[in-house]
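**Q** Next up is a structure, given as structure tokens.
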Amino acid sequence: MKIYIPTLGRVDNQITFDNLPDKHKEQVVFVVQEHERPKHKRDVEYMVVGDNIGLSETRRQIFYAVGKNRFTLYDDDLVFYRRNIKYTTGSSDMEGSKRKMTESDFDEMYDTFSGWLDDGYIQCGHRETSLPPLGKLHQDNLGMFSGFTMNGELISKFIDDVDWTYTYVGQDSMWQIEFLSRGNKIRMSDIFTQKSEWWQDGGCSKYRDATMYNEEHRKLVEKYPDFVKESGSVTRKNIGEIIKLRYRWRDAYKYGQSSNLNKYFGE
């Protein structure tokens with residue numbers, strides 16, 4: 001299973017890649033814009049996209065490139081941690097509350113995710129390391145961000161029916177609403193977690209400011225009023241004051257399980 005890592009403006013700061021075990025680095029496909037390709041020297045596969053197209057279009061091209069294959073899609077700034085299972089079972093399996101994931105942890109994680117995809121999940125992902133433990137191994141039909149393992153065969157069933165670039169940013173929230181509202185299950189691990197370096201220089205910060213962020217995310221409120229609500233604001237470094245959104249992920253899934261799909265999808 002290939003690991004796609006879109007990256008921009010961080011040629012020498014590849015956090016996700018550097019935190020993968022060597023055997024899994026061999027699965028990496030860097031997705032880079034044409035003007036940056038000559039700067040990348042790592043001995044991996046590359047997928048070259050056009051300049052100045054934005055992350056939504058980049059991810060759309062990845063979805064089409066993978067076809068019906070299973071694949072992993074990571075932001076370029078992730079560090080992975082395994083959480084102590086004591087929060088689930090009561091019995092500790094390591095010193096401390098967590099540790100950085102090892103090669104065997106990654107092997108186990110991908111085996112676990114493959115099993116979930118076999119069971120009909122369209123997407124698997126990770127809880128944020130900084131968030132408190134759930135008290136369970138995983139949780140279903142809640143939004144997740146930055147790191148995803150996906151079933152291209154299921155996505156291919158409706159890939160042409162989704163406007164993957166409807167928002168210039170925030171498209172990961174959008175596609176999860178699309179997945180759930182079409183009756184597809186997603187699952188988030190609480191054992192295999194990730195730390196995301198959001199809001200740092202490079203990547204989306206090259207074109208994203210607070211005005212853009214707010215305008216693009218309000219599109220989600222407009223398109224999915226039953227599932228996305230605006231709920232105040234918060235100030236983030238390197239961007240400023242941005243709106244907060246409350247997502248009703250499980251309501252979207254319940255909707256997808258119903259027979260009435262015409263409101264959003266015209267069916």
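We name chains A, B, ... following the order of the structure tokens; residues begin at 1 in each chain, and ligands are numbered from 1 as shown.
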Please return, as a VMD selection string, all residues of range 12-251 of chain A that DSSP assigns to strand (DSSP E or B) on the basis of the backbone.
**A** chain A and resid 28 to 33 45 to 49 70 to 74 78 to 83 98 to 100 121 to 128 138 to 140 147 to 151 185 to 196 228 to 236 240 to 247
**Q** Residues at most 12 Å from Pro225 in chain A, counting only C-alpha atoms, excluding those fewer than 6 positions away in the same chain, as an MDAnalysis selection string?
**A** chainID A and resid 177 218:219 245:248 251:252 263:264
**Q** With C-alpha atoms retained, write the just-selected residues as a short mmCIF file (atom, residue, chain, number, x, y, z; two decimals), in the first residue's frame.
**A**
data_model
loop_
_atom_site.label_atom_id
_atom_site.label_comp_id
_atom_site.auth_asym_id
_atom_site.auth_seq_id
_atom_site.Cartn_x
_atom_site.Cartn_y
_atom_site.Cartn_z
CA ILE A 177 -19.13 14.40 5.33
CA ARG A 218 -18.36 28.70 5.72
CA LYS A 219 -18.98 26.97 2.41
CA LEU A 245 -17.14 24.63 13.36
CA ARG A 246 -19.17 21.92 15.05
CA TYR A 247 -19.55 18.82 12.92
CA ARG A 248 -22.39 16.38 13.41
CA ASP A 251 -25.92 12.52 12.08
CA ALA A 252 -24.36 12.50 8.61
CA LYS A 263 -31.34 16.36 -0.43
CA TYR A 264 -27.58 16.50 -0.95
#
**Q** Hey, can you check how far CA of Asn214 in chain A sits from CA of Gln176 in chain A?
**A**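 Distance between the two atoms: 18.9 Å.
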**Q** With a distance cut-off of 8 Å and only C-alpha atoms, select the neighbouring residues of range 24-34 of chain A, excluding the residue or stretch itself and same-chain residues fewer than 2 positions from it, and output the selection as a PyMOL selection string.
**A** chain A and resi 1-8+17+20-22+36-37+44-52+58
**Q** In range 4-109 of chain A, what's helix (DSSP H, G or I) per DSSP? Answer as number ranges by chain?
**A** A: 15-18, 22-25, 34-39, 54-66, 86-89, 103-109
**Q** May I have the residues within 12 Å of Phe80 in chain A as a ChimeraX atom specification, using only C-alpha atoms and disregarding those fewer than 6 positions away in the same chain?
**A** /A:15-21,74,98-103,105-106,109,125-130,146-147,189-197
**Q** Just N, CA and C atoms for this one: save the residues we selected as a JSON list (two decimals), in the first residue's frame.
**A**
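What landed in again.json:
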[["chain", "number", "residue", "atom", "x", "y", "z"],
["A", 15, "ILE", "N", 8.90, 16.07, 8.09],
["A", 15, "ILE", "CA", 8.69, 15.48, 9.42],
["A", 15, "ILE", "C", 8.07, 14.09, 9.31],
["A", 16, "THR", "N", 7.01, 13.96, 8.53],
["A", 16, "THR", "CA", 6.34, 12.66, 8.40],
["A", 16, "THR", "C", 7.30, 11.61, 7.87],
["A", 17, "PHE", "N", 7.96, 11.91, 6.77],
["A", 17, "PHE", "CA", 8.88, 10.95, 6.16],
["A", 17, "PHE", "C", 9.98, 10.54, 7.13],
["A", 18, "ASP", "N", 10.55, 11.50, 7.81],
["A", 18, "ASP", "CA", 11.65, 11.22, 8.72],
["A", 18, "ASP", "C", 11.22, 10.39, 9.92],
["A", 19, "ASN", "N", 9.92, 10.38, 10.21],
["A", 19, "ASN", "CA", 9.42, 9.61, 11.35],
["A", 19, "ASN", "C", 8.83, 8.27, 10.95],
["A", 20, "LEU", "N", 8.95, 7.90, 9.68],
["A", 20, "LEU", "CA", 8.55, 6.58, 9.24],
["A", 20, "LEU", "C", 9.74, 5.62, 9.35],
["A", 21, "PRO", "N", 9.51, 4.35, 9.69],
["A", 21, "PRO", "CA", 10.59, 3.37, 9.64],
["A", 21, "PRO", "C", 11.08, 3.22, 8.21],
["A", 74, "TYR", "N", -0.93, 11.18, 3.94],
["A", 74, "TYR", "CA", -0.44, 11.87, 5.13],
["A", 74, "TYR", "C", -0.08, 13.31, 4.80],
["A", 98, "LYS", "N", 2.67, 7.08, 26.61],
["A", 98, "LYS", "CA", 2.80, 6.88, 25.16],
["A", 98, "LYS", "C", 4.27, 6.81, 24.81],
["A", 99, "ARG", "N", 4.54, 6.40, 23.58],
["A", 99, "ARG", "CA", 5.90, 6.42, 23.04],
["A", 99, "ARG", "C", 5.81, 6.56, 21.52],
["A", 100, "LYS", "N", 6.90, 7.04, 20.93],
["A", 100, "LYS", "CA", 6.93, 7.09, 19.47],
["A", 100, "LYS", "C", 6.80, 5.68, 18.90],
["A", 101, "MET", "N", 6.08, 5.59, 17.80],
["A", 101, "MET", "CA", 5.84, 4.29, 17.19],
["A", 101, "MET", "C", 7.11, 3.70, 16.59],
["A", 102, "THR", "N", 7.26, 2.40, 16.75],
["A", 102, "THR", "CA", 8.38, 1.64, 16.21],
["A", 102, "THR", "C", 7.96, 0.96, 14.90],
["A", 103, "GLU", "N", 8.92, 0.31, 14.27],
["A", 103, "GLU", "CA", 8.60, -0.41, 13.03],
["A", 103, "GLU", "C", 7.51, -1.45, 13.27],
["A", 105, "ASP", "N", 5.23, -1.39, 15.51],
["A", 105, "ASP", "CA", 3.97, -0.68, 15.73],
["A", 105, "ASP", "C", 3.32, -0.31, 14.40],
["A", 106, "PHE", "N", 4.13, 0.20, 13.46],
["A", 106, "PHE", "CA", 3.59, 0.54, 12.15],
["A", 106, "PHE", "C", 3.06, -0.70, 11.44],
["A", 109, "MET", "N", -0.17, -1.51, 13.02],
["A", 109, "MET", "CA", -1.18, -0.51, 12.66],
["A", 109, "MET", "C", -1.74, -0.77, 11.27],
["A", 125, "GLY", "N", -8.11, 6.28, 10.51],
["A", 125, "GLY", "CA", -7.21, 7.36, 10.86],
["A", 125, "GLY", "C", -6.85, 7.33, 12.33],
["A", 126, "HIS", "N", -6.36, 8.47, 12.82],
["A", 126, "HIS", "CA", -5.70, 8.53, 14.10],
["A", 126, "HIS", "C", -6.29, 9.64, 14.97],
["A", 127, "ARG", "N", -6.40, 9.36, 16.25],
["A", 127, "ARG", "CA", -6.73, 10.41, 17.19],
["A", 127, "ARG", "C", -5.48, 11.26, 17.43],
["A", 128, "GLU", "N", -5.69, 12.55, 17.70],
["A", 128, "GLU", "CA", -4.57, 13.42, 18.02],
["A", 128, "GLU", "C", -3.94, 12.99, 19.35],
["A", 129, "THR", "N", -2.62, 12.89, 19.37],
["A", 129, "THR", "CA", -1.90, 12.44, 20.57],
["A", 129, "THR", "C", -2.19, 13.32, 21.78],
["A", 130, "SER", "N", -2.38, 14.62, 21.54],
["A", 130, "SER", "CA", -2.57, 15.56, 22.65],
["A", 130, "SER", "C", -3.94, 15.45, 23.31],
["A", 146, "SER", "N", -5.49, 14.98, 8.91],
["A", 146, "SER", "CA", -4.05, 14.93, 8.65],
["A", 146, "SER", "C", -3.50, 13.59, 8.21],
["A", 147, "GLY", "N", -4.05, 12.48, 8.69],
["A", 147, "GLY", "CA", -3.55, 11.17, 8.31],
["A", 147, "GLY", "C", -4.68, 10.19, 8.07],
["A", 189, "SER", "N", -8.51, 5.33, 15.28],
["A", 189, "SER", "CA", -7.79, 4.59, 16.31],
["A", 189, "SER", "C", -7.43, 5.51, 17.47],
["A", 190, "ASP", "N", -7.55, 4.99, 18.68],
["A", 190, "ASP", "CA", -7.08, 5.72, 19.85],
["A", 190, "ASP", "C", -5.76, 5.15, 20.38],
["A", 191, "ILE", "N", -5.29, 4.09, 19.77],
["A", 191, "ILE", "CA", -4.01, 3.48, 20.15],
["A", 191, "ILE", "C", -2.88, 4.01, 19.27],
["A", 192, "PHE", "N", -3.12, 4.04, 17.97],
["A", 192, "PHE", "CA", -2.13, 4.56, 17.02],
["A", 192, "PHE", "C", -2.49, 6.02, 16.74],
["A", 193, "THR", "N", -1.77, 6.94, 17.38],
["A", 193, "THR", "CA", -2.14, 8.35, 17.35],
["A", 193, "THR", "C", -1.11, 9.17, 16.58],
["A", 194, "GLN", "N", -1.45, 10.42, 16.33],
["A", 194, "GLN", "CA", -0.55, 11.29, 15.58],
["A", 194, "GLN", "C", -0.50, 12.67, 16.21],
["A", 195, "LYS", "N", 0.65, 13.29, 16.09],
["A", 195, "LYS", "CA", 0.83, 14.69, 16.48],
["A", 195, "LYS", "C", 0.98, 15.50, 15.20],
["A", 196, "SER", "N", 0.10, 16.48, 15.03],
["A", 196, "SER", "CA", 0.10, 17.29, 13.81],
["A", 196, "SER", "C", 0.65, 18.67, 14.12],
["A", 197, "GLU", "N", 1.61, 19.11, 13.32],
["A", 197, "GLU", "CA", 2.18, 20.45, 13.47],
["A", 197, "GLU", "C", 1.39, 21.45, 12.61]]
**Q** For the contact check between range 156-228 of chain A and range 65-69 of chain A, emit one row per residue of range 156-228 of chain A within 10 Å, containing the shortest atom pair and the distance in Å rounded to one decimal, counting only C-alpha atoms, chain then rising number order, as a tab-separated table.
**A**
residue	atom	partner	partner_atom	distance
A:Ser156	CA	A:Lys68	CA	6.1
A:Lys157	CA	A:Lys68	CA	9.1
A:Ile159	CA	A:Gly67	CA	9.4
**Q** Pick out the residues sitting within 9 Å of Leu134 in chain A, and hand them over as a ChimeraX atom specification; count only C-alpha atoms, and ignore anything fewer than 5 positions along from it in its own chain.
**A** /A:87-88,139,190
**Q** Would you save the residues from that selection as a CSV table (one decimal), in the first residue's frame, using C-alpha atoms?
**A**
chain,number,residue,atom,x,y,z
A,87,TYR,CA,-6.4,3.4,29.3
A,88,THR,CA,-8.5,0.8,27.5
A,139,GLN,CA,-14.3,5.1,17.7
A,190,ASP,CA,-7.1,5.7,19.9
**Q** List the spatial neighbours of range 167-175 of chain A as a ChimeraX atom specification - criterion: any atom at most 7 Å away, only C-alpha atoms, same-chain residues fewer than 2 positions off excluded.
**A** /A:54,56,145,165,177-179,213,216-217,219-220
**Q** Write the residues you've just listed into a file as a PDB file, in the first residue's frame, and include C-alpha atoms for each of them.
**A**
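Output saved as selection.pdb:
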ATOM      1  CA  GLY A  54      -3.702  24.104  -3.917  1.00  0.00           C
ATOM      2  CA  SER A  56      -7.734  20.300  -2.633  1.00  0.00           C
ATOM      3  CA  PHE A 145      -7.534  14.968  10.179  1.00  0.00           C
ATOM      4  CA  THR A 165     -12.344  21.112  -4.890  1.00  0.00           C
ATOM      5  CA  ILE A 177     -19.130  14.398   5.331  1.00  0.00           C
ATOM      6  CA  GLU A 178     -19.502  13.019   1.811  1.00  0.00           C
ATOM      7  CA  PHE A 179     -18.321   9.577   2.936  1.00  0.00           C
ATOM      8  CA  TYR A 213      -9.963  30.025   5.918  1.00  0.00           C
ATOM      9  CA  GLU A 216     -13.883  28.460   2.607  1.00  0.00           C
ATOM     10  CA  HIS A 217     -15.089  26.769   5.785  1.00  0.00           C
ATOM     11  CA  LYS A 219     -18.985  26.974   2.408  1.00  0.00           C
ATOM     12  CA  LEU A 220     -19.341  23.771   4.399  1.00  0.00           C
TER      13      LEU A 220
END
**Q** Can you work out which one of A:Gly9, A:Gly183, A:Gly96, A:Gly90 has the shortest atom-to-atom distance to Ile122 in chain A, counting only C-alpha atoms?
**A** A:Gly183
**Q** I need the residue nearest Lys39 in chain A from this list: A:Asp118, A:Lys23, A:Val11, A:Met94. Use only C-alpha atoms for the distance.
**A**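 Closest to Lys39 in chain A, using only C-alpha atoms: A:Val11.
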**Q** Which neighbours of Arg182 in chain A fall inside 8 Å, counting only C-alpha atoms, when residues of the same chain fewer than 6 positions from it are skipped, and could you give them as JSON, numbers by chain?
**A** {"A": [253, 255, 256, 257, 261]}
**Q** Could you check which of A:Asp209, A:Arg82, A:Glu215, A:Asp111 is closest to Lys237 in chain A, using only C-alpha atoms?
**A** A:Asp209
**Q** Just to confirm, what's the straight-line distance from CA of Asp75 in chain A to CA of Arg59 in chain A in Å (one decimal)?
**A** 10.7 Å
**Q** Would you work out the distance separating CA of Tyr224 in chain A from CA of Gln61 in chain A, expressed in Å to one decimal?
**A**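 Pair CA of Tyr224 in chain A / CA of Gln61 in chain A returns 23.8 Å.
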